[in-house]
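**Q** File name input_37.csv; file contents CSV, C-alpha atoms; full text below.
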```
chain,number,residue,atom,x,y,z
A,12,MET,CA,3.3,-29.0,-15.7
A,13,SER,CA,3.8,-32.7,-15.2
A,14,ASN,CA,2.3,-34.3,-18.2
A,15,SER,CA,4.0,-32.8,-21.2
A,16,LYS,CA,7.1,-30.8,-22.0
A,17,LEU,CA,5.1,-29.3,-24.9
A,18,TYR,CA,3.0,-27.3,-22.5
A,19,LYS,CA,6.0,-25.9,-20.6
A,20,GLY,CA,6.6,-22.8,-22.8
A,21,SER,CA,3.0,-21.8,-22.5
A,22,LEU,CA,2.7,-21.6,-18.8
A,23,THR,CA,3.1,-17.8,-18.7
A,24,THR,CA,0.4,-17.4,-21.4
A,25,ILE,CA,-2.0,-19.7,-19.5
A,26,ILE,CA,-1.5,-17.7,-16.3
A,27,LEU,CA,-2.0,-14.4,-18.1
A,28,LYS,CA,-5.1,-15.6,-20.0
A,29,LEU,CA,-6.7,-16.9,-16.7
A,30,LEU,CA,-6.0,-13.6,-15.0
A,31,SER,CA,-7.5,-11.7,-17.9
A,32,GLU,CA,-10.8,-13.6,-17.4
A,33,ASN,CA,-10.8,-13.3,-13.6
A,34,ASP,CA,-10.3,-10.1,-11.6
A,35,LYS,CA,-7.8,-11.7,-9.2
A,36,MET,CA,-6.6,-15.2,-8.5
A,37,TYR,CA,-4.4,-17.0,-6.0
A,38,GLY,CA,-1.9,-19.8,-6.7
A,39,TYR,CA,-3.9,-22.8,-5.7
A,40,GLU,CA,-7.0,-21.5,-7.5
A,41,ILE,CA,-4.9,-21.2,-10.8
A,42,THR,CA,-3.8,-24.9,-10.5
A,43,GLN,CA,-7.4,-26.0,-9.9
A,44,LYS,CA,-8.9,-23.8,-12.7
A,45,VAL,CA,-6.5,-25.2,-15.3
A,46,LYS,CA,-7.2,-28.8,-14.1
A,47,GLU,CA,-11.0,-28.0,-14.4
A,48,LEU,CA,-10.8,-26.3,-17.8
A,49,THR,CA,-8.7,-29.1,-19.3
A,50,ASN,CA,-10.6,-32.0,-17.6
A,51,GLY,CA,-7.5,-32.9,-15.8
A,52,GLU,CA,-5.5,-33.2,-19.0
A,53,LEU,CA,-3.1,-30.4,-17.9
A,54,LYS,CA,-1.7,-30.2,-14.4
A,55,ILE,CA,0.4,-27.2,-13.4
A,56,THR,CA,2.9,-28.3,-10.8
A,57,GLU,CA,3.4,-26.1,-7.8
A,58,GLY,CA,7.2,-26.0,-8.4
A,59,ALA,CA,6.6,-24.4,-11.8
A,60,LEU,CA,3.6,-22.1,-11.0
A,61,TYR,CA,5.0,-20.0,-8.2
A,62,PRO,CA,8.4,-19.2,-9.9
A,63,SER,CA,6.3,-18.1,-13.0
A,64,LEU,CA,4.0,-15.9,-10.9
A,65,HIS,CA,6.9,-14.3,-9.1
A,66,LYS,CA,8.7,-13.6,-12.4
A,67,LEU,CA,5.6,-12.0,-13.9
A,68,GLU,CA,5.3,-9.9,-10.8
A,69,ALA,CA,8.9,-8.8,-11.0
A,70,ASP,CA,8.4,-7.9,-14.6
A,71,GLY,CA,5.6,-5.6,-13.6
A,72,LEU,CA,2.9,-7.7,-15.4
A,73,LEU,CA,1.1,-8.7,-12.2
A,74,ASP,CA,0.1,-6.8,-9.2
A,75,VAL,CA,-0.3,-8.4,-5.8
A,76,GLU,CA,-2.6,-7.9,-2.8
A,77,VAL,CA,-2.8,-9.9,0.4
A,78,ALA,CA,-6.1,-10.5,2.2
A,79,LYS,CA,-7.1,-12.5,5.3
A,80,VAL,CA,-9.3,-15.4,4.2
A,81,ASP,CA,-10.6,-17.9,6.8
A,82,ASN,CA,-7.8,-17.9,9.3
A,83,ARG,CA,-4.8,-17.3,7.0
A,84,MET,CA,-3.3,-14.7,4.7
A,85,ARG,CA,-3.9,-15.2,1.0
A,86,LYS,CA,-1.8,-13.6,-1.8
A,87,TYR,CA,-3.9,-12.6,-4.9
A,88,TYR,CA,-2.5,-11.8,-8.3
A,89,LYS,CA,-4.1,-9.5,-10.9
A,90,LEU,CA,-3.0,-8.1,-14.2
A,91,THR,CA,-1.4,-4.6,-14.4
A,92,GLU,CA,-2.0,-2.4,-17.4
A,93,SER,CA,1.1,-3.7,-19.1
A,94,GLY,CA,0.1,-7.2,-18.1
A,95,THR,CA,-3.1,-6.8,-20.0
A,96,LYS,CA,-1.2,-5.7,-23.1
A,97,GLU,CA,1.2,-8.5,-22.8
A,98,THR,CA,-1.6,-11.0,-22.5
A,99,ALA,CA,-2.9,-9.9,-25.9
A,100,ASN,CA,0.7,-10.3,-27.4
A,101,LYS,CA,1.2,-13.7,-25.9
A,102,LEU,CA,-2.1,-15.0,-27.0
A,103,SER,CA,-1.6,-13.9,-30.6
A,104,GLU,CA,1.9,-15.4,-30.5
A,105,LEU,CA,0.4,-18.7,-29.3
A,106,GLU,CA,-2.3,-18.6,-32.0
A,107,ASN,CA,0.4,-18.1,-34.7
A,108,TYR,CA,2.3,-21.0,-33.2
A,109,ILE,CA,-0.7,-23.3,-33.2
A,110,LYS,CA,-1.4,-22.3,-36.9
A,111,THR,CA,2.2,-23.0,-37.9
A,112,MET,CA,2.2,-26.3,-36.1
A,113,GLN,CA,-1.1,-27.3,-37.7
A,114,ALA,CA,0.3,-26.4,-41.2
A,115,LEU,CA,3.2,-28.6,-40.4
A,116,VAL,CA,1.4,-31.5,-38.9
A,117,ASN,CA,-1.7,-31.4,-41.1
A,118,PRO,CA,-0.8,-29.6,-44.3
A,119,LYS,CA,-3.6,-28.7,-46.7
A,120,PHE,CA,-2.8,-29.6,-50.3
A,121,SER,CA,-4.0,-27.4,-53.1
A,122,LEU,CA,-3.8,-27.6,-56.9
A,123,GLU,CA,-2.7,-24.0,-57.3
B,58,MET,CA,-19.6,-27.8,4.6
B,59,LYS,CA,-16.1,-27.3,3.4
B,60,PRO,CA,-13.6,-28.3,6.1
B,61,ILE,CA,-11.3,-25.5,7.3
B,62,ILE,CA,-7.9,-25.8,8.8
B,63,THR,CA,-7.7,-24.5,12.3
B,64,GLU,CA,-5.4,-21.6,13.4
B,65,ASP,CA,-3.2,-24.1,15.3
B,66,ARG,CA,-2.7,-26.1,12.2
B,67,ILE,CA,-1.8,-23.0,10.2
B,68,GLN,CA,0.9,-22.3,12.7
B,69,GLU,CA,2.1,-25.9,12.2
B,70,LEU,CA,2.2,-25.3,8.5
B,71,TYR,CA,4.4,-22.2,9.1
B,72,ALA,CA,6.7,-24.3,11.2
B,73,PHE,CA,6.7,-26.9,8.5
B,74,THR,CA,7.9,-24.4,5.9
B,75,ARG,CA,10.6,-23.2,8.3
B,76,GLN,CA,11.8,-26.8,8.7
B,77,HIS,CA,12.0,-26.9,4.9
B,78,PHE,CA,14.4,-23.9,4.7
B,79,VAL,CA,11.9,-21.2,3.9
B,80,VAL,CA,13.0,-18.4,6.3
B,81,HIS,CA,11.1,-15.5,4.8
B,82,TYR,CA,7.6,-14.8,6.1
B,83,ASP,CA,6.2,-13.5,2.8
B,84,ILE,CA,7.2,-16.7,1.0
B,85,GLN,CA,6.0,-18.9,3.9
B,86,THR,CA,2.6,-17.2,3.9
B,87,GLU,CA,2.0,-18.0,0.2
B,88,LEU,CA,3.1,-21.6,0.7
B,89,VAL,CA,1.0,-22.0,3.9
B,90,ASP,CA,-2.1,-20.9,2.1
B,91,HIS,CA,-1.4,-23.2,-0.8
B,92,LEU,CA,-0.8,-26.2,1.5
B,93,ALA,CA,-3.9,-25.4,3.5
B,94,ASN,CA,-6.0,-25.2,0.4
B,95,GLY,CA,-4.7,-28.6,-0.8
B,96,ILE,CA,-5.3,-30.2,2.5
B,97,GLU,CA,-8.8,-28.9,2.7
B,98,ALA,CA,-9.5,-30.2,-0.8
B,99,GLN,CA,-8.2,-33.6,0.2
B,100,TRP,CA,-10.4,-33.6,3.3
B,101,GLU,CA,-13.5,-32.9,1.2
B,102,GLU,CA,-12.8,-36.2,-0.7
B,103,HIS,CA,-11.2,-38.1,2.1
B,104,PRO,CA,-12.6,-36.8,5.4
B,105,LEU,CA,-10.7,-39.4,7.5
B,106,ARG,CA,-7.3,-38.6,6.1
B,107,THR,CA,-5.0,-37.3,8.9
B,108,PHE,CA,-3.5,-33.8,8.7
B,109,GLU,CA,0.0,-35.2,8.5
B,110,ASP,CA,-0.8,-37.6,5.6
B,111,ALA,CA,-2.6,-34.9,3.7
B,112,LEU,CA,0.4,-32.5,4.2
B,113,HIS,CA,2.8,-35.1,3.1
B,114,ILE,CA,0.8,-35.6,-0.2
B,115,GLU,CA,0.7,-31.8,-0.8
B,116,PHE,CA,4.4,-31.3,-0.1
B,117,LYS,CA,5.3,-34.1,-2.6
B,118,LYS,CA,3.6,-32.1,-5.3
B,119,PHE,CA,6.4,-29.6,-5.1
B,120,GLY,CA,8.8,-32.2,-6.5
B,121,VAL,CA,12.0,-33.6,-5.2
B,122,PHE,CA,13.6,-30.3,-4.3
B,123,GLY,CA,10.6,-29.3,-2.2
B,124,PHE,CA,10.3,-25.5,-1.7
B,125,GLN,CA,13.9,-24.8,-2.9
B,126,ASP,CA,12.9,-23.8,-6.4
B,127,VAL,CA,10.2,-21.5,-5.2
B,128,VAL,CA,12.6,-19.7,-2.8
B,129,GLU,CA,15.4,-19.4,-5.3
B,130,GLN,CA,13.1,-18.1,-8.0
B,131,ARG,CA,11.4,-15.7,-5.7
B,132,THR,CA,14.8,-14.3,-4.6
B,133,LYS,CA,15.9,-14.0,-8.2
B,134,ALA,CA,12.6,-12.3,-9.2
B,135,LEU,CA,12.8,-9.8,-6.3
B,136,THR,CA,16.5,-9.0,-7.1
B,137,LYS,CA,15.5,-8.4,-10.7
B,138,TYR,CA,12.7,-6.1,-9.6
B,139,TYR,CA,15.1,-4.2,-7.4
B,140,TRP,CA,17.6,-3.5,-10.2
B,141,LYS,CA,14.8,-2.7,-12.7
B,142,GLU,CA,13.6,-0.1,-10.3
B,143,VAL,CA,17.1,1.4,-9.8
B,144,TRP,CA,17.5,1.5,-13.6
B,145,ARG,CA,14.1,3.0,-14.2
B,146,LEU,CA,14.6,5.7,-11.7
B,147,PHE,CA,18.2,6.4,-12.7
B,148,LYS,CA,17.0,6.9,-16.3
B,149,GLN,CA,14.7,9.7,-15.1
B,150,TYR,CA,17.7,11.9,-14.4
B,151,PHE,CA,18.3,12.0,-18.1
B,152,ARG,CA,14.8,13.2,-19.0
B,153,LEU,CA,13.1,16.5,-18.7
B,154,PRO,CA,12.6,18.1,-16.2
B,155,LYS,CA,15.2,16.2,-14.1
B,156,ILE,CA,17.9,16.5,-16.7
B,157,ILE,CA,18.1,20.2,-15.9
B,158,MET,CA,19.0,19.5,-12.3
B,159,THR,CA,21.5,16.8,-13.4
B,160,VAL,CA,23.3,19.2,-15.8
B,161,ALA,CA,23.3,21.9,-13.1
B,162,LEU,CA,24.8,19.6,-10.5
B,163,VAL,CA,27.5,18.4,-12.9
B,164,LEU,CA,28.4,22.0,-13.7
B,165,MET,CA,28.4,23.0,-10.0
B,166,VAL,CA,30.8,20.1,-9.2
B,167,GLN,CA,32.9,21.1,-12.2
B,168,MET,CA,33.2,24.7,-11.0
B,169,LEU,CA,34.2,23.6,-7.6
B,170,LEU,CA,36.9,21.2,-9.0
B,171,LYS,CA,38.1,23.7,-11.5
B,172,PHE,CA,38.5,26.8,-9.3
B,173,SER,CA,39.3,25.3,-5.9
B,174,PRO,CA,43.0,24.9,-4.9
B,175,TYR,CA,41.9,21.8,-3.0
B,176,SER,CA,40.2,20.1,-6.0
B,177,GLY,CA,41.7,16.6,-5.3
B,178,THR,CA,40.7,16.6,-1.7
B,179,ILE,CA,37.2,17.8,-2.6
B,180,PHE,CA,36.8,15.1,-5.2
B,181,TYR,CA,37.9,12.3,-2.9
B,182,GLY,CA,35.8,13.8,-0.1
B,183,PHE,CA,32.7,13.7,-2.3
B,184,VAL,CA,33.3,10.1,-3.3
B,185,CYS,CA,33.9,9.0,0.3
B,186,LEU,CA,30.9,10.9,1.5
B,187,LEU,CA,28.7,9.4,-1.3
B,188,PHE,CA,29.9,6.0,-0.2
B,189,LEU,CA,29.8,6.4,3.6
B,190,LEU,CA,26.4,8.1,3.9
B,191,PRO,CA,24.5,5.2,2.2
B,192,VAL,CA,26.5,2.7,4.2
B,193,PHE,CA,25.4,4.4,7.4
B,194,LYS,CA,21.8,4.5,6.2
B,195,ILE,CA,21.8,0.8,5.3
B,196,TRP,CA,23.5,-0.1,8.6
B,197,ARG,CA,20.7,1.8,10.4
B,198,PHE,CA,18.0,0.0,8.3
B,199,GLY,CA,19.7,-3.3,9.2
B,200,SER,CA,19.7,-2.6,12.9
B,201,ARG,CA,16.0,-1.8,12.8
B,202,VAL,CA,15.3,-5.0,10.9
B,203,LYS,CA,17.3,-7.0,13.5
B,204,LYS,CA,15.4,-5.5,16.4
B,205,ARG,CA,12.1,-6.4,14.8
B,206,ARG,CA,13.2,-9.9,13.9
B,207,LYS,CA,14.1,-10.4,17.5
B,208,SER,CA,10.7,-9.4,18.8
B,209,LYS,CA,8.5,-10.9,16.0
B,210,GLU,CA,10.8,-13.5,14.4
B,211,LYS,CA,9.5,-12.6,10.9
B,212,HIS,CA,12.0,-12.2,8.1
B,213,TYR,CA,10.9,-10.6,4.9
B,214,LEU,CA,12.8,-11.3,1.7
B,215,PHE,CA,12.9,-7.7,0.6
B,216,GLU,CA,14.8,-6.7,3.7
B,217,ASP,CA,17.6,-9.0,2.8
B,218,ILE,CA,17.7,-7.7,-0.8
B,219,ILE,CA,17.9,-4.1,0.5
B,220,LEU,CA,20.6,-5.0,3.0
B,221,SER,CA,22.7,-6.7,0.4
B,222,LEU,CA,22.0,-3.8,-2.1
B,223,GLY,CA,20.3,-6.2,-4.5
B,224,THR,CA,23.1,-8.7,-3.9
B,225,GLY,CA,25.4,-6.3,-5.8
B,226,GLY,CA,26.8,-4.2,-2.9
B,227,PHE,CA,30.3,-5.1,-3.8
B,228,VAL,CA,29.8,-3.6,-7.3
B,229,LEU,CA,29.1,-0.2,-5.8
B,230,GLN,CA,32.4,-0.4,-3.9
B,231,ILE,CA,34.4,-0.9,-7.0
B,232,PRO,CA,34.5,2.8,-8.1
B,233,LEU,CA,35.7,3.7,-4.6
B,234,GLN,CA,38.4,1.0,-4.6
B,235,PHE,CA,39.5,2.0,-8.1
B,236,LEU,CA,39.8,5.7,-7.2
B,237,LEU,CA,41.7,5.0,-4.0
B,238,HIS,CA,44.1,2.8,-6.0
B,239,PHE,CA,44.5,5.5,-8.6
B,240,HIS,CA,45.0,8.1,-6.0
B,241,ASN,CA,48.1,6.3,-4.6
B,242,ARG,CA,49.8,6.3,-8.0
B,243,THR,CA,49.1,9.7,-9.5
B,244,GLU,CA,47.4,13.0,-8.9
B,245,LEU,CA,44.2,13.8,-10.6
B,246,ASN,CA,44.7,16.8,-12.9
B,247,PHE,CA,41.5,18.8,-13.1
B,248,ASP,CA,43.1,21.3,-15.5
B,249,ASN,CA,42.6,18.6,-18.2
B,250,PRO,CA,39.0,19.2,-19.5
B,251,TRP,CA,38.4,15.4,-19.9
B,252,VAL,CA,39.4,14.6,-16.4
B,253,LEU,CA,37.2,17.5,-15.2
B,254,TRP,CA,34.1,16.3,-17.2
B,255,ILE,CA,34.5,12.6,-16.2
B,256,GLY,CA,35.3,13.4,-12.6
B,257,SER,CA,32.3,15.7,-12.1
B,258,SER,CA,29.9,13.5,-14.0
B,259,PHE,CA,31.1,10.5,-12.0
B,260,VAL,CA,30.4,12.3,-8.7
B,261,VAL,CA,26.9,13.2,-9.7
B,262,PHE,CA,25.9,9.8,-11.2
B,263,TYR,CA,27.5,7.8,-8.4
B,264,GLY,CA,25.6,10.0,-6.0
B,265,PHE,CA,22.3,9.2,-7.8
B,266,VAL,CA,22.8,5.5,-7.7
B,267,MET,CA,23.8,5.6,-4.0
B,268,TYR,CA,20.8,7.7,-3.2
B,269,LEU,CA,18.5,5.3,-5.0
B,270,VAL,CA,19.9,2.1,-3.4
B,271,ALA,CA,20.2,3.5,0.1
B,272,PHE,CA,17.4,6.0,0.5
B,273,TYR,CA,14.7,5.8,-2.2
B,274,ILE,CA,14.3,2.1,-3.0
B,275,PRO,CA,14.3,0.9,0.7
B,276,LYS,CA,11.5,3.4,1.4
B,277,HIS,CA,9.6,2.5,-1.7
B,278,MET,CA,9.9,-1.3,-1.0
B,279,GLU,CA,8.9,-0.8,2.6
B,280,GLU,CA,5.8,1.1,1.6
B,281,ASN,CA,4.9,-1.7,-0.9
B,282,MET,CA,5.3,-4.2,1.9
B,283,LYS,CA,3.1,-2.2,4.3
B,284,LYS,CA,0.4,-2.1,1.6
B,285,MET,CA,0.6,-5.9,1.2
B,286,TYR,CA,1.0,-6.9,4.8
B,287,PRO,CA,-0.6,-4.2,7.0
B,288,GLU,CA,0.9,-5.9,10.0
B,289,TYR,CA,4.3,-5.1,8.7
B,290,THR,CA,6.1,-2.6,10.9
B,291,LEU,CA,9.7,-1.8,11.4
B,292,VAL,CA,10.7,-1.0,15.0
```
What would you get if you wrote out this structure as structure tokens?
**A**
Amino acid sequence: MSNSKLYKGSLTTIILKLLSENDKMYGYEITQKVKELTNGELKITEGALYPSLHKLEADGLLDVEVAKVDNRMRKYYKLTESGTKETANKLSELENYIKTMQALVNPKFSLE
Amino acid sequence: MKPIITEDRIQELYAFTRQHFVVHYDIQTELVDHLANGIEAQWEEHPLRTFEDALHIEFKKFGVFGFQDVVEQRTKALTKYYWKEVWRLFKQYFRLPKIIMTVALVLMVQMLLKFSPYSGTIFYGFVCLLFLLPVFKIWRFGSRVKKRRKSKEKHYLFEDIILSLGTGGFVLQIPLQFLLHFHNRTELNFDNPWVLWIGSSFVVFYGFVMYLVAFYIPKHMEENMKKMYPEYTLV
């Protein structure tokens, strides 16, 4: 991710979330989907995406299948059963993080 | 209509990844598809852009180290997978129903060491056999890989991981080295119940690990590879 170090720690969660919404995806498709969803605000760099995908695969969170598309081989990634569970964990972790940051950055004052 | 890269250009992309130090076909394949997608997307917006220029732009997106990070991380990830599999399977020998077989094997080795007048020779014989059989198996796997690479020039990363025993081959030699060193200094006394227990358990567990790294895991990884790349065959 080129534009902000803040996004760096969330790359895994982003990948898992995208795969939970799509049956299977390939690397280039993931980069384009993120770009599209964030209106170009977030760009996943190729040098960061593949290492993350390979790590998730080694951890047993992603399954892989290779298919011939056009005139070349394409490697697709999809969530395994433990990948689906991990996605839910990661998303709730991220939500908590966002809430905490919001409380810090924009605290609500009360008279209680 | 979406422009599609020709078969010849795909082969050029494979050559390009090889020039940039990606030797394994499985990693090359993923990178080639990525580069091809990027180039095709550029051609949609800039139909006059040359293949070489578009490739240069796509490659730059991988950063100053090019494909190096991808290769390093892929190797690390596959090595991690290898040892996770070894550990996962090894743990099974301590659960029902396999634990019954494990205990039975330890007791059998124990009886042999306890009652045989040649217990020392039997023990070292076991250890040498448990080391040499897997070495022979891996050597045979290596020669099959070499043959295929000569004819098809496709290297797969998992083959290198298996051949180097998950880059930890030297670790598996340590018990052997240690025992041979120990043997030169003193005799193993199997009348001592501690020595008997440790010796027999060691033979069984060392045997399990060697079986996993030389027989089970290579077969398992090869089957996975065949599922992913149906064209994958070993001579």
**Q** Near Val80 (chain A), within 12 Å and counting all atoms listed in the file, which residues show up once chain neighbours fewer than 2 positions away are dropped, as a ChimeraX atom specification?
**A** /A:37,77-78,82-87 /B:61-62,64,90,93-94
**Q** Please identify all polymer residues lying at most 10 Å from the point (-5.0, -27.9, 2.0) (file coordinates), using all atoms listed in the file, and present the result as a list in words.
**A**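 Counting all atoms listed in the file, I find these residues within 10 Å of (-5.0, -27.9, 2.0): Tyr39 of chain A; Pro60, Ile61, Ile62, Val89, Asp90, His91, Leu92, Ala93, Asn94, Gly95, Ile96, Glu97, Ala98, Gln99, Trp100, Glu101, Phe108, Ala111, Leu112, Ile114 and Glu115 of chain B.
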**Q** Pull out every residue of chain B sitting within 10 Å of chain A, counting only C-alpha atoms, and send them as an MDAnalysis selection string.
**A** chainID B and resid 61:65 67:68 83:84 86:95 115:139 141:142 281:282 284:287
**Q** What's the separation between CA of Ile25 (chain A) and CA of Leu70 (chain B), in Å to one decimal place?
**A**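 Straight-line distance from CA of Ile25 (chain A) to CA of Leu70 (chain B) works out to 28.9 Å.
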**Q** I'd like the contact shell of region 95-105 of chain A - 8 Å cut-off, all atoms listed in the file, skipping same-chain residues fewer than 2 positions apart - returned as number ranges by chain.
**A** A: 21, 24, 27-28, 31, 72, 90-93, 107-109
**Q** When you draw a straight line from CA of Tyr88 (chain A) to CA of Lys59 (chain B), how long is it in Å?
**A**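 Atom-to-atom, CA of Tyr88 (chain A) and CA of Lys59 (chain B) are spaced 23.7 Å apart.
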**Q** For Tyr263 (chain B), which of B:Leu169, B:Leu186, B:Leu153, B:Ala72 is the closest residue, counting only C-alpha atoms?
**A**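 Smallest separation from Tyr263 (chain B) among the options: B:Leu186.
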**Q** Would you mind reading off the distance between CA of Tyr18 (chain A) and CA of Val79 (chain B), one decimal, in Å?
**A** 28.5 Å
**Q** If we draw a sphere of 7 Å around (-3.4, -24.0, -20.3), which residues have at least one atom in it when counting all atoms listed in the file? Please report them as a PyMOL selection string.
**A** chain A and resi 22+25+45+53
